Amino acid sequence: MTTRGDIEKVLWSACDTFRGKIDSSRYKDYILTMLFVKYLSDVYKETKENYLEQYEGDMVRVERAMRRERFTMSETASFDYLYEKRNDVRIGEMINKALEQIETNNSAKLHNVFRAIDFNSQVDFGEPKSKNATLRTLLQDFNKLDLRPSQLSDNDIIGDAYQYMIAKFASDAGKKGGEFFTPSRVSELIAKLVAPKENDRICDPTCGSGGLLLKAAAEAHSSKIRIYGQEQNAQTWALCKMNMFLHNVDDAEIMNGDTLANPLLLENDRLKKFQVVVANPPFSLDKWDAGFLSEASVDEKGKKTEKLLAGMDSFDRFDIGVPPSGKGDYAFMLHMIATMDDANGRMAIVLPHGVLFRGASEGRIRRQLIETYNLLDAVIGLPENLFYGTGIPACILIFKKNRKTRDVLFIDASGEGNYEKEKNQNVLRPEDIEKIVAHYRAYATVEKYSYRATFDEIKENGFNLNIPRYVDTFEEEALVDIDEVQTNIKNIEAELSEVQKKMAGYLKELGV
């Protein structure tokens, strides 16, 4: 049987093939794509063998049955064929053609998934001799794996291994890692906070490799949900599409493009609405409005507008205020709010603490979200060093439509005892997640952990949401007994005096 450990061993061996030659933020695309091809090939091969046995070699019936399967694979696109050709000087081209065939034959599910992945790239692989040697070794690494369904130790092993490796690559990639992966435990927390349920539409407008979407979908405990996402980076979008496929999510609608300047999840030319919206967007993204300004009209003097105006957005997302060009946090927030279902929409977004107290246009937007629209439901402070690529502490903001209170719950889960320290990064434990979720559901004040603030209190604070203003975690130090301290000092001085006398005696005996 093939276990998850077997798969991870081969994947790490494949990583060794690339280390020192290509940056890990790039070679992850090649390794995970090859895992995808190997899995499809082995599943297709075993399925066909089973039909051959069932229909006693009747190829007409076998081919008819194979057309009803989730995907189809031609012989020249299979891993076995590529492995046979591993010594061919054109192996890079052959792998690219195989990927193209897989796309073409499964266009409904895998259209354009491999367009940003080039196994014949001279930039990544270098000269032909070096490239061919690397690809030959990669094929040899994966040939050790048997991914036929009958040989897998459990049904979720491939999807889990894929997700595990994405996390490992994110950790290795440092700052770039945060661009395509949200730590699994953080994703689990967010999913529990928004509580997806049957028939919900779930969306992540900055979905990366899709881990947060999959956690949210799993939290619904129902197949009757729909998943939507958008991702700007083409390679990361491809990882997300493959990730969905390996988790048997065939109907996810994952778009490739700039969510802010070019939102693609539309319905009747308007933003599609969702019951659940979740995201971990890039923190304080600079020049987030560049896509708008590049399309800006020219005035009578031939000069382009240099500042985004609310009217330049055809989806009216910035009518209550345009966030500063140098910090995109509120831009993502306003986009997500605009996509919330009017009846039962709820959303959770991970952002840096600056969104809680920064002034100017962000302060004005924050005030309206609370005072005019009553959308903010909770602010949750997280421990530092949870995310790849940044050690700063972050927070989760939860918004809801049709709230029955104007209060806002503040939770400070950042302190010692609310997380586990690991070698390179802090991690939320299951008990830490459950504690946050339980306090959020209770929606009550608990000393040194949570505080239910009234609208008037928030208003008195000038709509500053900085968590220490509401949750007092200060621990008073025990009072010092001065008399006891003085007694201890006298005792120490007496002991020291005795030691000095003995030392003087020893020195005298030694004639020093």
# chains A, B, ... in the order shown; residues from 1 in each chain; ligands from 1
>>> closest_atom_pairs(of="stretch 146-217 of chain A", to="stretch 50-61 of chain A", cutoff="12 Å", atoms="only C-alpha atoms", output="tab-separated table")
residue	atom	partner	partner_atom	distance
A:Arg148	CA	A:Asn50	CA	11.5
A:Pro149	CA	A:Asn50	CA	11.5
A:Ser150	CA	A:Asn50	CA	10.8
>>> closest_atom_pairs(of="stretch 56-92 of chain A", to="stretch 129-144 of chain A", cutoff="8 Å", atoms="only C-alpha atoms", output="CSV")
residue,atom,partner,partner_atom,distance
A:Leu82,CA,A:Leu139,CA,7.7
A:Tyr83,CA,A:Leu139,CA,5.9
A:Arg86,CA,A:Arg136,CA,5.1
A:Asn87,CA,A:Arg136,CA,6.6
A:Val89,CA,A:Asn132,CA,6.6
A:Arg90,CA,A:Asn132,CA,7.9
A:Ile91,CA,A:Asn132,CA,6.7
A:Gly92,CA,A:Asn132,CA,7.1
>>> select_by_dssp(residues="stretch 107-301 of chain A", states="strand (DSSP E)", output="count of residues only")
22
>>> atom_distance(atom1="atom CA of A:Gln230", atom2="atom CA of A:Met333")
14.7 Å
>>> select_by_dssp(residues="stretch 121-165 of chain A", states="helix (DSSP H, G or I)", output="number ranges by chain")
A: 122-125, 128-143, 149-151, 157-165
>>> closest_residue(among="A:Asn466, A:Asn344, A:Thr259, A:Gln101", to="A:Ala195", atoms="only C-alpha atoms")
A:Asn344
>>> residues_around(residues="stretch 203-211 of chain A", least_positions_apart="6", cutoff="7 Å", atoms="only C-alpha atoms", output="VMD selection string")
chain A and resid 179 to 182 227 to 231 236 to 237 239 to 240 243 259 274 276 to 281
>>> atom_distance(atom1="atom CA of A:Glu495", atom2="atom CA of A:Leu510")
23.0 Å
>>> closest_residue(among="A:Gln235, A:Ser294, A:Asp286, A:Met244", to="A:Leu213", atoms="only C-alpha atoms")
A:Met244
>>> decode(residues="stretch 145-176 of chain A", atoms="N, CA, C and O atoms", output="PDB file, in the first residue's frame")
ATOM      1  N   LEU A 145       6.448   5.863  -7.312  1.00  0.00           N
ATOM      2  CA  LEU A 145       5.145   5.950  -6.660  1.00  0.00           C
ATOM      3  C   LEU A 145       4.091   5.128  -7.382  1.00  0.00           C
ATOM      4  O   LEU A 145       3.975   5.186  -8.609  1.00  0.00           O
ATOM      5  N   ASP A 146       3.306   4.397  -6.614  1.00  0.00           N
ATOM      6  CA  ASP A 146       2.136   3.697  -7.161  1.00  0.00           C
ATOM      7  C   ASP A 146       0.900   4.392  -6.610  1.00  0.00           C
ATOM      8  O   ASP A 146       0.568   4.256  -5.429  1.00  0.00           O
ATOM      9  N   LEU A 147       0.235   5.171  -7.460  1.00  0.00           N
ATOM     10  CA  LEU A 147      -0.908   5.969  -7.013  1.00  0.00           C
ATOM     11  C   LEU A 147      -2.243   5.412  -7.519  1.00  0.00           C
ATOM     12  O   LEU A 147      -3.239   6.119  -7.557  1.00  0.00           O
ATOM     13  N   ARG A 148      -2.242   4.128  -7.885  1.00  0.00           N
ATOM     14  CA  ARG A 148      -3.509   3.507  -8.261  1.00  0.00           C
ATOM     15  C   ARG A 148      -4.437   3.505  -7.048  1.00  0.00           C
ATOM     16  O   ARG A 148      -3.995   3.232  -5.922  1.00  0.00           O
ATOM     17  N   PRO A 149      -5.722   3.780  -7.221  1.00  0.00           N
ATOM     18  CA  PRO A 149      -6.651   3.844  -6.077  1.00  0.00           C
ATOM     19  C   PRO A 149      -6.621   2.604  -5.196  1.00  0.00           C
ATOM     20  O   PRO A 149      -6.735   2.709  -3.966  1.00  0.00           O
ATOM     21  N   SER A 150      -6.439   1.436  -5.796  1.00  0.00           N
ATOM     22  CA  SER A 150      -6.435   0.200  -5.003  1.00  0.00           C
ATOM     23  C   SER A 150      -5.213   0.106  -4.101  1.00  0.00           C
ATOM     24  O   SER A 150      -5.196  -0.687  -3.146  1.00  0.00           O
ATOM     25  N   GLN A 151      -4.191   0.915  -4.374  1.00  0.00           N
ATOM     26  CA  GLN A 151      -2.956   0.859  -3.606  1.00  0.00           C
ATOM     27  C   GLN A 151      -2.806   2.003  -2.608  1.00  0.00           C
ATOM     28  O   GLN A 151      -1.806   2.076  -1.893  1.00  0.00           O
ATOM     29  N   LEU A 152      -3.787   2.895  -2.562  1.00  0.00           N
ATOM     30  CA  LEU A 152      -3.715   4.029  -1.642  1.00  0.00           C
ATOM     31  C   LEU A 152      -4.308   3.661  -0.295  1.00  0.00           C
ATOM     32  O   LEU A 152      -5.364   3.019  -0.227  1.00  0.00           O
ATOM     33  N   SER A 153      -3.647   4.082   0.773  1.00  0.00           N
ATOM     34  CA  SER A 153      -4.070   3.686   2.112  1.00  0.00           C
ATOM     35  C   SER A 153      -5.394   4.310   2.533  1.00  0.00           C
ATOM     36  O   SER A 153      -6.080   3.787   3.404  1.00  0.00           O
ATOM     37  N   ASP A 154      -5.761   5.457   1.961  1.00  0.00           N
ATOM     38  CA  ASP A 154      -7.095   6.011   2.186  1.00  0.00           C
ATOM     39  C   ASP A 154      -7.473   6.927   1.026  1.00  0.00           C
ATOM     40  O   ASP A 154      -6.624   7.323   0.225  1.00  0.00           O
ATOM     41  N   ASN A 155      -8.754   7.276   0.958  1.00  0.00           N
ATOM     42  CA  ASN A 155      -9.276   8.008  -0.201  1.00  0.00           C
ATOM     43  C   ASN A 155      -8.760   9.435  -0.305  1.00  0.00           C
ATOM     44  O   ASN A 155      -8.719  10.003  -1.396  1.00  0.00           O
ATOM     45  N   ASP A 156      -8.389  10.041   0.814  1.00  0.00           N
ATOM     46  CA  ASP A 156      -8.004  11.451   0.818  1.00  0.00           C
ATOM     47  C   ASP A 156      -6.497  11.662   0.721  1.00  0.00           C
ATOM     48  O   ASP A 156      -6.021  12.792   0.806  1.00  0.00           O
ATOM     49  N   ILE A 157      -5.751  10.588   0.554  1.00  0.00           N
ATOM     50  CA  ILE A 157      -4.302  10.671   0.689  1.00  0.00           C
ATOM     51  C   ILE A 157      -3.657  11.615  -0.327  1.00  0.00           C
ATOM     52  O   ILE A 157      -2.748  12.371  -0.004  1.00  0.00           O
ATOM     53  N   ILE A 158      -4.131  11.607  -1.574  1.00  0.00           N
ATOM     54  CA  ILE A 158      -3.513  12.448  -2.598  1.00  0.00           C
ATOM     55  C   ILE A 158      -3.791  13.926  -2.328  1.00  0.00           C
ATOM     56  O   ILE A 158      -2.886  14.762  -2.340  1.00  0.00           O
ATOM     57  N   GLY A 159      -5.045  14.248  -2.076  1.00  0.00           N
ATOM     58  CA  GLY A 159      -5.383  15.639  -1.772  1.00  0.00           C
ATOM     59  C   GLY A 159      -4.667  16.148  -0.539  1.00  0.00           C
ATOM     60  O   GLY A 159      -4.170  17.272  -0.511  1.00  0.00           O
ATOM     61  N   ASP A 160      -4.587  15.305   0.486  1.00  0.00           N
ATOM     62  CA  ASP A 160      -3.902  15.697   1.721  1.00  0.00           C
ATOM     63  C   ASP A 160      -2.407  15.902   1.484  1.00  0.00           C
ATOM     64  O   ASP A 160      -1.804  16.843   2.006  1.00  0.00           O
ATOM     65  N   ALA A 161      -1.792  14.994   0.708  1.00  0.00           N
ATOM     66  CA  ALA A 161      -0.363  15.113   0.418  1.00  0.00           C
ATOM     67  C   ALA A 161      -0.089  16.372  -0.404  1.00  0.00           C
ATOM     68  O   ALA A 161       0.906  17.072  -0.184  1.00  0.00           O
ATOM     69  N   TYR A 162      -0.969  16.656  -1.334  1.00  0.00           N
ATOM     70  CA  TYR A 162      -0.829  17.848  -2.166  1.00  0.00           C
ATOM     71  C   TYR A 162      -0.886  19.107  -1.302  1.00  0.00           C
ATOM     72  O   TYR A 162      -0.044  20.007  -1.414  1.00  0.00           O
ATOM     73  N   GLN A 163      -1.882  19.141  -0.409  1.00  0.00           N
ATOM     74  CA  GLN A 163      -2.041  20.291   0.482  1.00  0.00           C
ATOM     75  C   GLN A 163      -0.849  20.410   1.427  1.00  0.00           C
ATOM     76  O   GLN A 163      -0.354  21.511   1.697  1.00  0.00           O
ATOM     77  N   TYR A 164      -0.370  19.288   1.922  1.00  0.00           N
ATOM     78  CA  TYR A 164       0.787  19.272   2.820  1.00  0.00           C
ATOM     79  C   TYR A 164       2.018  19.852   2.121  1.00  0.00           C
ATOM     80  O   TYR A 164       2.769  20.647   2.703  1.00  0.00           O
ATOM     81  N   MET A 165       2.216  19.446   0.866  1.00  0.00           N
ATOM     82  CA  MET A 165       3.388  19.924   0.143  1.00  0.00           C
ATOM     83  C   MET A 165       3.292  21.413  -0.178  1.00  0.00           C
ATOM     84  O   MET A 165       4.292  22.127  -0.147  1.00  0.00           O
ATOM     85  N   ILE A 166       2.103  21.894  -0.464  1.00  0.00           N
ATOM     86  CA  ILE A 166       1.929  23.330  -0.689  1.00  0.00           C
ATOM     87  C   ILE A 166       2.341  24.097   0.568  1.00  0.00           C
ATOM     88  O   ILE A 166       3.014  25.128   0.503  1.00  0.00           O
ATOM     89  N   ALA A 167       1.952  23.570   1.736  1.00  0.00           N
ATOM     90  CA  ALA A 167       2.329  24.206   2.998  1.00  0.00           C
ATOM     91  C   ALA A 167       3.844  24.194   3.183  1.00  0.00           C
ATOM     92  O   ALA A 167       4.441  25.185   3.610  1.00  0.00           O
ATOM     93  N   LYS A 168       4.480  23.073   2.852  1.00  0.00           N
ATOM     94  CA  LYS A 168       5.925  22.978   2.983  1.00  0.00           C
ATOM     95  C   LYS A 168       6.630  23.962   2.050  1.00  0.00           C
ATOM     96  O   LYS A 168       7.609  24.605   2.415  1.00  0.00           O
ATOM     97  N   PHE A 169       6.135  24.075   0.835  1.00  0.00           N
ATOM     98  CA  PHE A 169       6.726  25.017  -0.112  1.00  0.00           C
ATOM     99  C   PHE A 169       6.536  26.451   0.374  1.00  0.00           C
ATOM    100  O   PHE A 169       7.412  27.296   0.207  1.00  0.00           O
ATOM    101  N   ALA A 170       5.370  26.728   0.952  1.00  0.00           N
ATOM    102  CA  ALA A 170       5.104  28.076   1.461  1.00  0.00           C
ATOM    103  C   ALA A 170       6.093  28.428   2.571  1.00  0.00           C
ATOM    104  O   ALA A 170       6.618  29.536   2.631  1.00  0.00           O
ATOM    105  N   SER A 171       6.354  27.461   3.452  1.00  0.00           N
ATOM    106  CA  SER A 171       7.312  27.683   4.537  1.00  0.00           C
ATOM    107  C   SER A 171       8.709  27.933   3.987  1.00  0.00           C
ATOM    108  O   SER A 171       9.428  28.816   4.451  1.00  0.00           O
ATOM    109  N   ASP A 172       9.086  27.169   2.981  1.00  0.00           N
ATOM    110  CA  ASP A 172      10.424  27.278   2.390  1.00  0.00           C
ATOM    111  C   ASP A 172      10.593  28.555   1.577  1.00  0.00           C
ATOM    112  O   ASP A 172      11.684  29.089   1.452  1.00  0.00           O
ATOM    113  N   ALA A 173       9.475  29.054   1.037  1.00  0.00           N
ATOM    114  CA  ALA A 173       9.544  30.208   0.137  1.00  0.00           C
ATOM    115  C   ALA A 173       9.589  31.541   0.874  1.00  0.00           C
ATOM    116  O   ALA A 173       9.702  32.587   0.240  1.00  0.00           O
ATOM    117  N   GLY A 174       9.477  31.532   2.199  1.00  0.00           N
ATOM    118  CA  GLY A 174       9.566  32.771   2.964  1.00  0.00           C
ATOM    119  C   GLY A 174       8.448  33.736   2.621  1.00  0.00           C
ATOM    120  O   GLY A 174       7.278  33.381   2.622  1.00  0.00           O
ATOM    121  N   LYS A 175       8.819  34.967   2.304  1.00  0.00           N
ATOM    122  CA  LYS A 175       7.822  36.006   2.039  1.00  0.00           C
ATOM    123  C   LYS A 175       6.888  35.620   0.913  1.00  0.00           C
ATOM    124  O   LYS A 175       5.688  35.869   0.960  1.00  0.00           O
ATOM    125  N   LYS A 176       7.426  34.988  -0.143  1.00  0.00           N
ATOM    126  CA  LYS A 176       6.591  34.598  -1.271  1.00  0.00           C
ATOM    127  C   LYS A 176       5.582  33.530  -0.885  1.00  0.00           C
ATOM    128  O   LYS A 176       4.551  33.381  -1.533  1.00  0.00           O
TER     129      LYS A 176
END
